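> Below is coords31.pdb; it holds PDB, C-alpha atoms.
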```pdb
MODEL        1
ATOM      1  CA  MET A   1      12.446  10.163 -17.401
ATOM      2  CA  PHE A   2       9.093   9.568 -15.655
ATOM      3  CA  LEU A   3      10.201  11.755 -12.740
ATOM      4  CA  ASN A   4      11.203  14.552 -15.126
ATOM      5  CA  PHE A   5       7.858  14.430 -16.925
ATOM      6  CA  SER A   6       6.076  14.464 -13.554
ATOM      7  CA  LEU A   7       8.071  17.499 -12.389
ATOM      8  CA  LEU A   8       7.400  19.240 -15.720
ATOM      9  CA  ILE A   9       3.650  18.774 -15.344
ATOM     10  CA  LEU A  10       3.753  19.717 -11.654
ATOM     11  CA  GLY A  11       5.802  22.807 -12.522
ATOM     12  CA  LEU A  12       3.199  23.866 -15.093
ATOM     13  CA  VAL A  13       0.470  23.423 -12.466
ATOM     14  CA  PHE A  14       2.395  25.511  -9.911
ATOM     15  CA  VAL A  15       3.054  28.254 -12.474
ATOM     16  CA  SER A  16      -0.570  28.291 -13.640
ATOM     17  CA  ILE A  17      -2.075  28.478 -10.132
ATOM     18  CA  GLY A  18       0.642  30.873  -8.939
ATOM     19  CA  ALA A  19       0.046  33.282 -11.822
ATOM     20  CA  ASP A  20      -3.699  33.229 -11.244
ATOM     21  CA  LYS A  21      -3.306  34.044  -7.546
ATOM     22  CA  VAL A  22      -0.722  36.770  -8.184
ATOM     23  CA  VAL A  23      -3.060  38.554 -10.608
ATOM     24  CA  GLU A  24      -6.096  38.173  -8.349
ATOM     25  CA  GLY A  25      -4.222  39.229  -5.220
ATOM     26  CA  ALA A  26      -2.450  42.121  -6.951
ATOM     27  CA  SER A  27      -5.725  43.486  -8.313
ATOM     28  CA  ALA A  28      -7.285  43.270  -4.857
ATOM     29  CA  ILE A  29      -4.316  45.073  -3.264
ATOM     30  CA  ALA A  30      -4.542  47.802  -5.901
ATOM     31  CA  LYS A  31      -8.185  48.427  -5.058
ATOM     32  CA  LYS A  32      -7.570  48.425  -1.309
ATOM     33  CA  LEU A  33      -4.621  50.819  -1.664
ATOM     34  CA  ARG A  34      -6.741  52.931  -4.020
ATOM     35  CA  VAL A  35      -4.117  52.820  -6.773
ATOM     36  CA  SER A  36      -4.286  51.554 -10.343
ATOM     37  CA  ASP A  37      -3.479  47.995 -11.395
ATOM     38  CA  LEU A  38      -0.668  49.533 -13.470
ATOM     39  CA  VAL A  39       1.118  50.776 -10.329
ATOM     40  CA  ILE A  40       0.882  47.312  -8.774
ATOM     41  CA  GLY A  41       1.989  45.717 -12.044
ATOM     42  CA  LEU A  42       5.017  48.002 -12.259
ATOM     43  CA  THR A  43       6.053  47.342  -8.664
ATOM     44  CA  ILE A  44       4.895  44.329  -6.623
ATOM     45  CA  VAL A  45       4.220  42.025  -9.561
ATOM     46  CA  ALA A  46       7.197  43.163 -11.649
ATOM     47  CA  PHE A  47       9.680  42.962  -8.776
ATOM     48  CA  GLY A  48       8.294  39.635  -7.605
ATOM     49  CA  THR A  49       8.470  37.974 -11.008
ATOM     50  CA  SER A  50      12.064  39.218 -11.378
ATOM     51  CA  ALA A  51      13.129  37.182  -8.340
ATOM     52  CA  PRO A  52      14.778  34.444 -10.507
ATOM     53  CA  GLU A  53      16.904  37.042 -12.336
ATOM     54  CA  LEU A  54      17.889  38.629  -9.007
ATOM     55  CA  VAL A  55      19.039  35.309  -7.512
ATOM     56  CA  VAL A  56      20.934  34.284 -10.668
ATOM     57  CA  ASN A  57      22.706  37.652 -10.896
ATOM     58  CA  ILE A  58      23.706  37.927  -7.244
ATOM     59  CA  VAL A  59      25.222  34.427  -7.356
ATOM     60  CA  SER A  60      26.911  35.138 -10.708
ATOM     61  CA  SER A  61      28.303  38.453  -9.491
ATOM     62  CA  ILE A  62      29.708  36.936  -6.288
ATOM     63  CA  LYS A  63      31.357  34.238  -8.422
ATOM     64  CA  LYS A  64      32.624  36.971 -10.793
ATOM     65  CA  ASN A  65      30.812  35.406 -13.753
ATOM     66  CA  SER A  66      30.061  38.557 -15.750
ATOM     67  CA  ASP A  67      28.856  36.699 -18.850
ATOM     68  CA  ILE A  68      25.980  35.072 -16.974
ATOM     69  CA  ALA A  69      25.156  38.235 -15.020
ATOM     70  CA  LEU A  70      24.883  40.372 -18.169
ATOM     71  CA  GLY A  71      23.565  37.689 -20.512
ATOM     72  CA  ASN A  72      20.815  36.719 -18.083
ATOM     73  CA  ILE A  73      19.500  40.289 -17.861
ATOM     74  CA  ILE A  74      19.731  41.173 -21.566
ATOM     75  CA  GLY A  75      18.315  37.818 -22.684
ATOM     76  CA  SER A  76      15.486  38.008 -20.156
ATOM     77  CA  ASN A  77      14.568  41.568 -21.222
ATOM     78  CA  ILE A  78      14.468  40.588 -24.904
ATOM     79  CA  PHE A  79      12.187  37.660 -24.022
ATOM     80  CA  ASN A  80      10.042  39.965 -21.885
ATOM     81  CA  ILE A  81       9.573  42.529 -24.664
ATOM     82  CA  LEU A  82       8.884  40.077 -27.498
ATOM     83  CA  VAL A  83       7.360  36.885 -26.136
ATOM     84  CA  VAL A  84       5.443  37.952 -23.032
ATOM     85  CA  PRO A  85       3.311  40.775 -24.528
ATOM     86  CA  GLY A  86       3.394  39.000 -27.909
ATOM     87  CA  LEU A  87       1.723  35.824 -26.649
ATOM     88  CA  SER A  88      -0.554  37.852 -24.366
ATOM     89  CA  ALA A  89      -1.742  39.957 -27.333
ATOM     90  CA  MET A  90      -2.298  36.814 -29.424
ATOM     91  CA  LEU A  91      -4.514  35.542 -26.616
ATOM     92  CA  ARG A  92      -6.344  38.845 -26.236
ATOM     93  CA  PRO A  93      -5.447  42.334 -27.594
ATOM     94  CA  ILE A  94      -3.666  44.364 -24.890
ATOM     95  CA  SER A  95      -4.768  47.892 -24.047
ATOM     96  CA  VAL A  96      -1.929  50.333 -23.379
ATOM     97  CA  LYS A  97      -2.288  53.304 -21.036
ATOM     98  CA  HIS A  98      -1.113  56.683 -22.290
ATOM     99  CA  SER A  99       1.392  57.009 -19.435
ATOM    100  CA  THR A 100       2.882  53.617 -20.311
ATOM    101  CA  LEU A 101       3.409  54.702 -23.915
ATOM    102  CA  LYS A 102       4.848  58.109 -23.043
ATOM    103  CA  LYS A 103       6.816  57.354 -19.861
ATOM    104  CA  GLU A 104       7.321  53.732 -18.784
ATOM    105  CA  ILE A 105       8.292  52.191 -22.142
ATOM    106  CA  PRO A 106      10.720  55.072 -22.950
ATOM    107  CA  LEU A 107      12.234  54.570 -19.476
ATOM    108  CA  SER A 108      12.757  50.915 -20.376
ATOM    109  CA  PHE A 109      14.507  52.124 -23.560
ATOM    110  CA  LEU A 110      16.719  54.424 -21.453
ATOM    111  CA  ALA A 111      17.640  51.485 -19.234
ATOM    112  CA  ALA A 112      18.886  49.441 -22.203
ATOM    113  CA  LEU A 113      20.679  52.467 -23.651
ATOM    114  CA  SER A 114      22.461  53.075 -20.348
ATOM    115  CA  VAL A 115      23.946  49.545 -20.402
ATOM    116  CA  LEU A 116      25.171  50.098 -23.957
ATOM    117  CA  ALA A 117      26.776  53.404 -22.952
ATOM    118  CA  LEU A 118      28.381  52.064 -19.763
ATOM    119  CA  GLY A 119      29.745  49.021 -21.565
ATOM    120  CA  ASN A 120      31.270  51.048 -24.412
ATOM    121  CA  LYS A 121      33.057  53.972 -22.773
ATOM    122  CA  GLY A 122      35.700  54.255 -25.513
ATOM    123  CA  ASN A 123      38.964  56.216 -25.200
ATOM    124  CA  ASN A 124      40.859  52.950 -24.788
ATOM    125  CA  LEU A 125      39.090  52.326 -21.490
ATOM    126  CA  PRO A 126      38.436  48.649 -20.638
ATOM    127  CA  SER A 127      34.882  47.418 -21.228
ATOM    128  CA  ILE A 128      33.912  47.201 -17.578
ATOM    129  CA  ILE A 129      30.722  48.202 -15.791
ATOM    130  CA  THR A 130      32.298  49.491 -12.595
ATOM    131  CA  ARG A 131      30.952  49.845  -9.074
ATOM    132  CA  GLY A 132      30.487  53.554  -9.822
ATOM    133  CA  ASP A 133      28.407  52.596 -12.870
ATOM    134  CA  GLY A 134      26.376  50.327 -10.630
ATOM    135  CA  ILE A 135      25.645  53.272  -8.330
ATOM    136  CA  VAL A 136      24.531  55.288 -11.386
ATOM    137  CA  LEU A 137      22.100  52.504 -12.333
ATOM    138  CA  LEU A 138      20.773  52.339  -8.764
ATOM    139  CA  SER A 139      20.291  56.130  -8.841
ATOM    140  CA  PHE A 140      18.107  55.752 -11.926
ATOM    141  CA  PHE A 141      16.161  53.079 -10.062
ATOM    142  CA  ALA A 142      15.606  55.485  -7.177
ATOM    143  CA  ILE A 143      14.158  58.007  -9.657
ATOM    144  CA  PHE A 144      11.855  55.291 -11.019
ATOM    145  CA  VAL A 145      10.648  54.453  -7.504
ATOM    146  CA  ALA A 146       9.974  58.160  -6.824
ATOM    147  CA  TYR A 147       7.987  58.328 -10.081
ATOM    148  CA  ILE A 148       5.906  55.313  -9.010
ATOM    149  CA  PHE A 149       5.158  56.915  -5.634
ATOM    150  CA  GLU A 150       4.011  60.093  -7.410
ATOM    151  CA  MET A 151       1.816  58.027  -9.732
ATOM    152  CA  ALA A 152       0.309  56.192  -6.759
ATOM    153  CA  LYS A 153      -0.404  59.513  -5.025
ATOM    154  CA  LYS A 154      -2.306  60.795  -8.069
ATOM    155  CA  ASP A 155      -4.219  57.511  -8.312
ATOM    156  CA  ARG A 156      -5.390  57.818  -4.723
ATOM    157  CA  GLU A 157      -6.601  61.362  -5.323
ATOM    158  CA  MET A 158      -8.628  60.401  -8.397
ATOM    159  CA  PHE A 159      -9.872  56.998  -7.274
ATOM    160  CA  GLU A 160     -13.645  56.571  -7.090
ATOM    161  CA  GLU A 161     -15.384  54.516  -4.410
ATOM    162  CA  MET A 162     -17.415  52.621  -7.013
ATOM    163  CA  GLU A 163     -14.227  50.967  -8.262
ATOM    164  CA  MET A 164     -13.828  49.277  -4.881
ATOM    165  CA  GLU A 165     -16.750  46.929  -5.565
ATOM    166  CA  ARG A 166     -14.733  44.366  -7.518
ATOM    167  CA  LEU A 167     -12.840  41.915  -5.282
ATOM    168  CA  LYS A 168     -14.163  43.690  -2.185
ATOM    169  CA  ASN A 169     -14.754  40.340  -0.474
ATOM    170  CA  ILE A 170     -11.053  39.506  -0.457
ATOM    171  CA  SER A 171      -9.416  40.662   2.772
ATOM    172  CA  THR A 172      -6.123  42.530   2.667
ATOM    173  CA  TRP A 173      -4.253  39.687   4.347
ATOM    174  CA  LEU A 174      -5.710  37.126   1.973
ATOM    175  CA  ALA A 175      -4.726  39.291  -1.007
ATOM    176  CA  VAL A 176      -1.163  39.551   0.340
ATOM    177  CA  ILE A 177      -1.057  35.778   0.867
ATOM    178  CA  TYR A 178      -2.294  35.294  -2.716
ATOM    179  CA  VAL A 179       0.530  37.451  -4.070
ATOM    180  CA  ILE A 180       3.320  35.976  -1.916
ATOM    181  CA  GLY A 181       2.110  32.402  -2.317
ATOM    182  CA  GLY A 182       1.589  32.919  -6.033
ATOM    183  CA  LEU A 183       5.106  34.308  -6.508
ATOM    184  CA  VAL A 184       6.575  31.360  -4.597
ATOM    185  CA  GLY A 185       4.601  29.015  -6.839
ATOM    186  CA  LEU A 186       5.874  30.835  -9.933
ATOM    187  CA  VAL A 187       9.522  30.602  -8.861
ATOM    188  CA  ILE A 188       9.349  26.949  -7.753
ATOM    189  CA  GLY A 189       7.241  25.910 -10.736
ATOM    190  CA  GLY A 190       9.527  27.782 -13.132
ATOM    191  CA  ARG A 191      12.597  26.058 -11.710
ATOM    192  CA  TRP A 192      10.973  22.629 -12.047
ATOM    193  CA  ILE A 193       9.978  23.373 -15.627
ATOM    194  CA  VAL A 194      13.494  24.478 -16.614
ATOM    195  CA  ASN A 195      15.305  21.630 -14.839
ATOM    196  CA  SER A 196      12.976  18.857 -16.001
ATOM    197  CA  ALA A 197      12.763  20.168 -19.573
ATOM    198  CA  SER A 198      16.562  20.352 -19.689
ATOM    199  CA  GLN A 199      16.888  16.753 -18.481
ATOM    200  CA  ILE A 200      14.283  15.534 -20.973
ATOM    201  CA  ALA A 201      15.964  17.390 -23.842
ATOM    202  CA  ARG A 202      19.374  16.010 -22.839
ATOM    203  CA  ALA A 203      17.956  12.478 -22.736
ATOM    204  CA  LEU A 204      16.622  13.001 -26.261
ATOM    205  CA  GLY A 205      20.093  13.951 -27.491
ATOM    206  CA  VAL A 206      19.705  17.734 -27.575
ATOM    207  CA  SER A 207      23.032  19.506 -26.999
ATOM    208  CA  ASP A 208      23.766  21.530 -23.853
ATOM    209  CA  LYS A 209      24.313  24.609 -26.035
ATOM    210  CA  MET A 210      20.836  24.306 -27.542
ATOM    211  CA  ILE A 211      19.326  23.782 -24.091
ATOM    212  CA  GLY A 212      21.148  26.814 -22.716
ATOM    213  CA  LEU A 213      20.119  29.080 -25.581
ATOM    214  CA  THR A 214      16.465  28.059 -25.461
ATOM    215  CA  ILE A 215      15.067  26.463 -22.302
ATOM    216  CA  VAL A 216      17.391  28.053 -19.736
ATOM    217  CA  ALA A 217      17.494  31.445 -21.484
ATOM    218  CA  ALA A 218      13.712  31.768 -21.262
ATOM    219  CA  GLY A 219      13.454  30.004 -17.913
ATOM    220  CA  THR A 220      13.939  33.032 -15.669
ATOM    221  CA  SER A 221      11.132  34.818 -17.552
ATOM    222  CA  ILE A 222       8.533  32.106 -16.933
ATOM    223  CA  PRO A 223       7.005  34.039 -13.981
ATOM    224  CA  GLU A 224       6.548  37.168 -16.153
ATOM    225  CA  LEU A 225       5.093  35.104 -19.005
ATOM    226  CA  ALA A 226       2.635  33.165 -16.856
ATOM    227  CA  THR A 227       1.488  36.249 -14.957
ATOM    228  CA  SER A 228       0.962  38.325 -18.113
ATOM    229  CA  LEU A 229      -0.893  35.518 -19.924
ATOM    230  CA  VAL A 230      -3.290  35.086 -17.002
ATOM    231  CA  ALA A 231      -3.737  38.862 -16.684
ATOM    232  CA  ALA A 232      -4.438  39.156 -20.432
ATOM    233  CA  ALA A 233      -6.940  36.287 -20.294
ATOM    234  CA  LYS A 234      -8.744  38.103 -17.471
ATOM    235  CA  GLY A 235      -8.730  41.346 -19.457
ATOM    236  CA  ASN A 236      -6.315  43.054 -17.048
ATOM    237  CA  SER A 237      -3.969  44.716 -19.545
ATOM    238  CA  GLU A 238      -2.461  47.035 -16.937
ATOM    239  CA  ILE A 239      -0.911  44.128 -15.054
ATOM    240  CA  ALA A 240      -0.129  42.201 -18.273
ATOM    241  CA  LEU A 241       2.008  45.022 -19.722
ATOM    242  CA  GLY A 242       3.028  46.776 -16.502
ATOM    243  CA  ASN A 243       4.564  43.534 -15.270
ATOM    244  CA  VAL A 244       6.824  43.346 -18.350
ATOM    245  CA  ILE A 245       7.922  46.993 -18.433
ATOM    246  CA  GLY A 246       8.454  47.158 -14.678
ATOM    247  CA  SER A 247      10.435  43.924 -14.740
ATOM    248  CA  ASN A 248      12.741  45.199 -17.509
ATOM    249  CA  ILE A 249      13.402  48.448 -15.663
ATOM    250  CA  PHE A 250      13.965  46.548 -12.406
ATOM    251  CA  ASN A 251      16.292  44.064 -14.150
ATOM    252  CA  ILE A 252      18.689  46.730 -15.440
ATOM    253  CA  PHE A 253      18.550  49.579 -12.947
ATOM    254  CA  PHE A 254      18.304  47.502  -9.761
ATOM    255  CA  ILE A 255      19.546  43.943 -10.429
ATOM    256  CA  LEU A 256      22.370  44.928 -12.789
ATOM    257  CA  GLY A 257      23.189  47.879 -10.515
ATOM    258  CA  ILE A 258      23.457  45.599  -7.470
ATOM    259  CA  SER A 259      25.518  43.108  -9.480
ATOM    260  CA  ALA A 260      28.032  45.781 -10.524
ATOM    261  CA  VAL A 261      28.310  47.143  -6.978
ATOM    262  CA  LEU A 262      29.063  43.642  -5.678
ATOM    263  CA  ASN A 263      31.700  43.066  -8.364
ATOM    264  CA  PRO A 264      32.597  45.054 -11.513
ATOM    265  CA  LEU A 265      31.190  43.355 -14.619
ATOM    266  CA  TYR A 266      33.392  42.692 -17.659
ATOM    267  CA  TYR A 267      31.399  43.653 -20.726
ATOM    268  CA  GLN A 268      31.820  41.561 -23.881
ATOM    269  CA  THR A 269      31.343  43.777 -26.938
ATOM    270  CA  ALA A 270      29.488  40.889 -28.623
ATOM    271  CA  LEU A 271      26.574  41.919 -26.387
ATOM    272  CA  ASN A 272      26.243  45.120 -28.427
ATOM    273  CA  VAL A 273      24.232  43.191 -31.025
ATOM    274  CA  ASP A 274      21.810  41.882 -28.386
ATOM    275  CA  ILE A 275      21.394  45.272 -26.725
ATOM    276  CA  ALA A 276      20.901  46.893 -30.142
ATOM    277  CA  LEU A 277      18.091  44.381 -30.740
ATOM    278  CA  LEU A 278      16.632  45.210 -27.312
ATOM    279  CA  LEU A 279      16.616  48.917 -28.218
ATOM    280  CA  ILE A 280      15.041  48.254 -31.634
ATOM    281  CA  ILE A 281      12.251  46.041 -30.315
ATOM    282  CA  THR A 282      11.519  48.562 -27.552
ATOM    283  CA  VAL A 283      11.041  51.206 -30.262
ATOM    284  CA  PHE A 284       8.736  48.817 -32.127
ATOM    285  CA  LEU A 285       6.780  48.253 -28.906
ATOM    286  CA  ILE A 286       6.256  52.025 -28.774
ATOM    287  CA  LEU A 287       5.155  52.073 -32.430
ATOM    288  CA  PHE A 288       2.786  49.143 -31.924
ATOM    289  CA  SER A 289       1.307  50.935 -28.898
ATOM    290  CA  ARG A 290       0.631  54.257 -30.658
ATOM    291  CA  ASP A 291      -3.095  53.501 -30.913
ATOM    292  CA  LEU A 292      -3.002  52.436 -27.226
ATOM    293  CA  LYS A 293      -3.480  48.773 -28.145
ATOM    294  CA  ILE A 294      -1.332  45.813 -29.205
ATOM    295  CA  ASN A 295      -3.374  43.582 -31.505
ATOM    296  CA  LYS A 296      -3.063  39.878 -32.318
ATOM    297  CA  ILE A 297      -1.140  40.405 -35.574
ATOM    298  CA  GLU A 298       1.416  42.618 -33.853
ATOM    299  CA  GLY A 299       1.698  40.049 -31.068
ATOM    300  CA  ALA A 300       2.377  37.304 -33.631
ATOM    301  CA  LEU A 301       5.090  39.452 -35.262
ATOM    302  CA  MET A 302       6.766  39.912 -31.877
ATOM    303  CA  VAL A 303       6.808  36.179 -31.182
ATOM    304  CA  ALA A 304       8.090  35.452 -34.711
ATOM    305  CA  THR A 305      10.904  37.952 -34.135
ATOM    306  CA  TYR A 306      11.972  36.083 -31.011
ATOM    307  CA  VAL A 307      11.965  32.784 -32.909
ATOM    308  CA  GLY A 308      14.252  34.408 -35.490
ATOM    309  CA  TYR A 309      16.508  35.776 -32.728
ATOM    310  CA  THR A 310      16.764  32.318 -31.148
ATOM    311  CA  ALA A 311      17.782  30.890 -34.526
ATOM    312  CA  TYR A 312      20.451  33.597 -34.768
ATOM    313  CA  LEU A 313      21.762  32.704 -31.298
ATOM    314  CA  ILE A 314      22.060  29.060 -32.264
ATOM    315  CA  ILE A 315      23.956  29.923 -35.444
ATOM    316  CA  ARG A 316      26.174  32.397 -33.580
ATOM    317  CA  GLY A 317      26.919  29.778 -30.951
TER
ENDMDL
END
```
Could the structure of this file be written out as structure tokens, please?

Amino acid sequence: MFLNFSLLILGLVFVSIGADKVVEGASAIAKKLRVSDLVIGLTIVAFGTSAPELVVNIVSSIKKNSDIALGNIIGSNIFNILVVPGLSAMLRPISVKHSTLKKEIPLSFLAALSVLALGNKGNNLPSIITRGDGIVLLSFFAIFVAYIFEMAKKDREMFEEMEMERLKNISTWLAVIYVIGGLVGLVIGGRWIVNSASQIARALGVSDKMIGLTIVAAGTSIPELATSLVAAAKGNSEIALGNVIGSNIFNIFFILGISAVLNPLYYQTALNVDIALLLIITVFLILFSRDLKINKIEGALMVATYVGYTAYLIIRG
């Protein structure tokens, strides 16, 4: 028990320091590349914090465990939409860029909708996300990457030299080391937190089902949560929200696409309820962002919704 508590505390330290360095390094890289923090949040930070989901899904797909592969992605995206920006907004209201409201969040909605469509083809066809479907998802990801490159190009054209002053003393290599080292800390720390918390809960008599639906379900999103909380605390809303939206798009279009290409995924229609929730909360994220800000009350509502969803999962079993 002592070892588990020690690993839990050490994991929290790793996650805290890792998140801080990722945000600092990512902001520095953005300035040196003369692009916005949003671009970095949607790409380097988002892809890096999705590393746990990528590992889990590749292993699950190779082992032909479709339930874990699909459940991991959908559950992680729901957590990302509700808890990560929700807690971040409760800490400090999050500013939302116009492009995020009009383009990135709707693209995240399209990603969830595409899974629903591919998993429910109808006409007596089996509920399978085929290798061809996986290629379709990867094609959407390629479009997203092209969009990011276009956004970065426009950023470089409009960037002003005066914006280079902040973090100018951090060298490019040091910024890269901050990001890579921070991401490693997030992944290792997140794993220690999940494993030790699971062992502690089991020792206290908590059932494996409860542990799986709570601790493990949220575990792969710890990097996104930690990074966004630190970014919000530092007033960097572009990374705080860009990290979440980019991660959700990456999770479905790239990770789920790769998983389906490796092995077709059998789609359980029970997931329709979870994906429907993902679509609904994405719409609410758009509505909350209409004034280009997510306030503390809205953040609290998002977190409360996730608590209610977790209760539903427990009841559903």
> Determine the residue set returned by the PyMOL selection byres ((chain A and resi 286-290) around 9) for the present structure, and present it as a PyMOL selection string.
chain A and resi 95-98+101-102+105-106+281-285+291-295+298
> Write the residues of the selection above to a file with C-alpha atoms, as a PDB file, in the coordinates of the input.

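And here's result.pdb as it stands now:
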```pdb
ATOM      1  CA  SER A  95      -4.768  47.892 -24.047  1.00  0.00           C
ATOM      2  CA  VAL A  96      -1.929  50.333 -23.379  1.00  0.00           C
ATOM      3  CA  LYS A  97      -2.288  53.304 -21.036  1.00  0.00           C
ATOM      4  CA  HIS A  98      -1.113  56.683 -22.290  1.00  0.00           C
ATOM      5  CA  LEU A 101       3.409  54.702 -23.915  1.00  0.00           C
ATOM      6  CA  LYS A 102       4.848  58.109 -23.043  1.00  0.00           C
ATOM      7  CA  ILE A 105       8.292  52.191 -22.142  1.00  0.00           C
ATOM      8  CA  PRO A 106      10.720  55.072 -22.950  1.00  0.00           C
ATOM      9  CA  ILE A 281      12.251  46.041 -30.315  1.00  0.00           C
ATOM     10  CA  THR A 282      11.519  48.562 -27.552  1.00  0.00           C
ATOM     11  CA  VAL A 283      11.041  51.206 -30.262  1.00  0.00           C
ATOM     12  CA  PHE A 284       8.736  48.817 -32.127  1.00  0.00           C
ATOM     13  CA  LEU A 285       6.780  48.253 -28.906  1.00  0.00           C
ATOM     14  CA  ASP A 291      -3.095  53.501 -30.913  1.00  0.00           C
ATOM     15  CA  LEU A 292      -3.002  52.436 -27.226  1.00  0.00           C
ATOM     16  CA  LYS A 293      -3.480  48.773 -28.145  1.00  0.00           C
ATOM     17  CA  ILE A 294      -1.332  45.813 -29.205  1.00  0.00           C
ATOM     18  CA  ASN A 295      -3.374  43.582 -31.505  1.00  0.00           C
ATOM     19  CA  GLU A 298       1.416  42.618 -33.853  1.00  0.00           C
TER      20      GLU A 298
END
```
> Given the file shown, determine the residues that the PyMOL selection byres ((chain A and resi 26) around 8) selects; report them as a PyMOL selection string.
chain A and resi 22-25+27-30+37+40-41+44-45+175-176+179
> Please measure the separation of CA of Ile315 (chain A) and CA of Ala218 (chain A), giving the value in Å to one decimal.
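Separation of CA of Ile315 (chain A) and CA of Ala218 (chain A): 17.6 Å.
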> Hey, which of A:Val35, A:Thr269, A:Ala233, A:Ile280 ends up closest to Lys121 (chain A)? Count all atoms listed in the file.
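For Lys121 (chain A), the nearest of the given residues is A:Thr269.
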> Suppose you want the space between CA of Val184 (chain A) and CA of Leu33 (chain A); what is it in Å?
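So the answer is 22.6 Å.
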> Rounded to one decimal place, report the CA of Leu7 (chain A)-CA of Val303 (chain A) distance in Å.
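Between CA of Leu7 (chain A) and CA of Val303 (chain A) the gap is 26.5 Å.
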> Pull out every residue that the PyMOL selection byres ((chain A and resi 251) around 8) matches in the shown coordinates and put them as a list in words.
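The output of the PyMOL selection byres ((chain A and resi 251) around 8) on this file is Ser50, Glu53, Leu54, Ile73, Asn77, Ser247, Asn248, Ile249, Phe250, Ile252, Phe253, Phe254, Ile255 and Leu256 of chain A.
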> For Ile188 (chain A), list every protein, DNA or RNA residue within 12 Å, evaluated using all atoms listed in the file, and leave out those in the same chain fewer than 5 positions away; present the list as a list of chain:residue names.
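Neighbouring residues, sequence-local ones excluded: A:Leu7, A:Leu8, A:Leu10, A:Gly11, A:Leu12, A:Val13, A:Phe14, A:Val15, A:Ser16, A:Ile17, A:Gly18, A:Ala19, A:Thr49, A:Ala51, A:Pro52, A:Gly181, A:Gly182, A:Leu183, A:Ile193, A:Val194, A:Asn195, A:Gly219, A:Thr220, A:Ile222, A:Pro223.
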> Could you check the closest approach to Ser108 (chain A) for each of A:Leu279, A:Ile314, A:Leu82, A:Ile177 and tell me which residue wins, using only C-alpha atoms?
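Between A:Leu279, A:Ile314, A:Leu82, A:Ile177, the residue approaching Ser108 (chain A) most closely is A:Leu279.
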> Could you tell me which of A:Ala226, A:Ile81, A:Leu42, A:Ile135 comes closest to Asn263 (chain A) if we count all atoms listed in the file?
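Nearest to Asn263 (chain A): A:Ile135.
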> Could you list, as a list in words, every residue within 9 Å of Ser127 (chain A), counting all atoms listed in the file and ignoring same-chain residues fewer than 5 positions away?
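Once the nearby chain positions are removed, what remains is Leu118, Gly119, Asn120, Lys121, Gly122, Leu265, Tyr266, Tyr267, Gln268 and Thr269 of chain A.
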> Taking all atoms of region 32-35 of chain A that the file lists and extending 3 Å past them on each side, where is the centre of the axis-aligned box and how long are its edges? Answer in Å to one decimal, as lines of an AutoDock Vina configuration file.

```
center_x = -5.8
center_y = 50.7
center_z = -4.0
size_x = 9.5
size_y = 10.5
size_z = 11.5
```
> Give the answer as one residue: which of A:Leu277, A:Val39, A:Ala240, A:Leu110 has the shortest atom-to-atom distance to Lys153 (chain A), using all atoms listed in the file?
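Among the listed residues, A:Val39 lies closest to Lys153 (chain A).
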> Dump as a Markdown table the rows for residues of region 243-300 of chain A within 6 Å of region 129-132 of chain A: closest atom pair and distance in Å with one decimal, all atoms listed in the file counted, ordered by chain and rising residue number.

```
| residue | atom | partner | partner_atom | distance |
| --- | --- | --- | --- | --- |
| A:Ala260 | CA | A:Arg131 | CA | 5.2 |
| A:Val261 | CA | A:Arg131 | CA | 4.3 |
| A:Pro264 | CA | A:Thr130 | CA | 4.6 |
| A:Leu265 | CA | A:Ile129 | CA | 5.0 |
```
> Between A:Asn72, A:Thr310, A:Ser114, A:Ser6, which is the closest to Asp133 (chain A) once you count all atoms listed in the file?
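Of the candidates, the smallest distance to Asp133 (chain A) is held by A:Ser114.
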> My list of candidates is A:Ile128, A:Ile9, A:Leu278, A:Val56. Which is closest to Ala112 (chain A) when distances are computed with all atoms listed in the file?
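Residue with the minimum atom-to-atom distance to Ala112 (chain A): A:Leu278.
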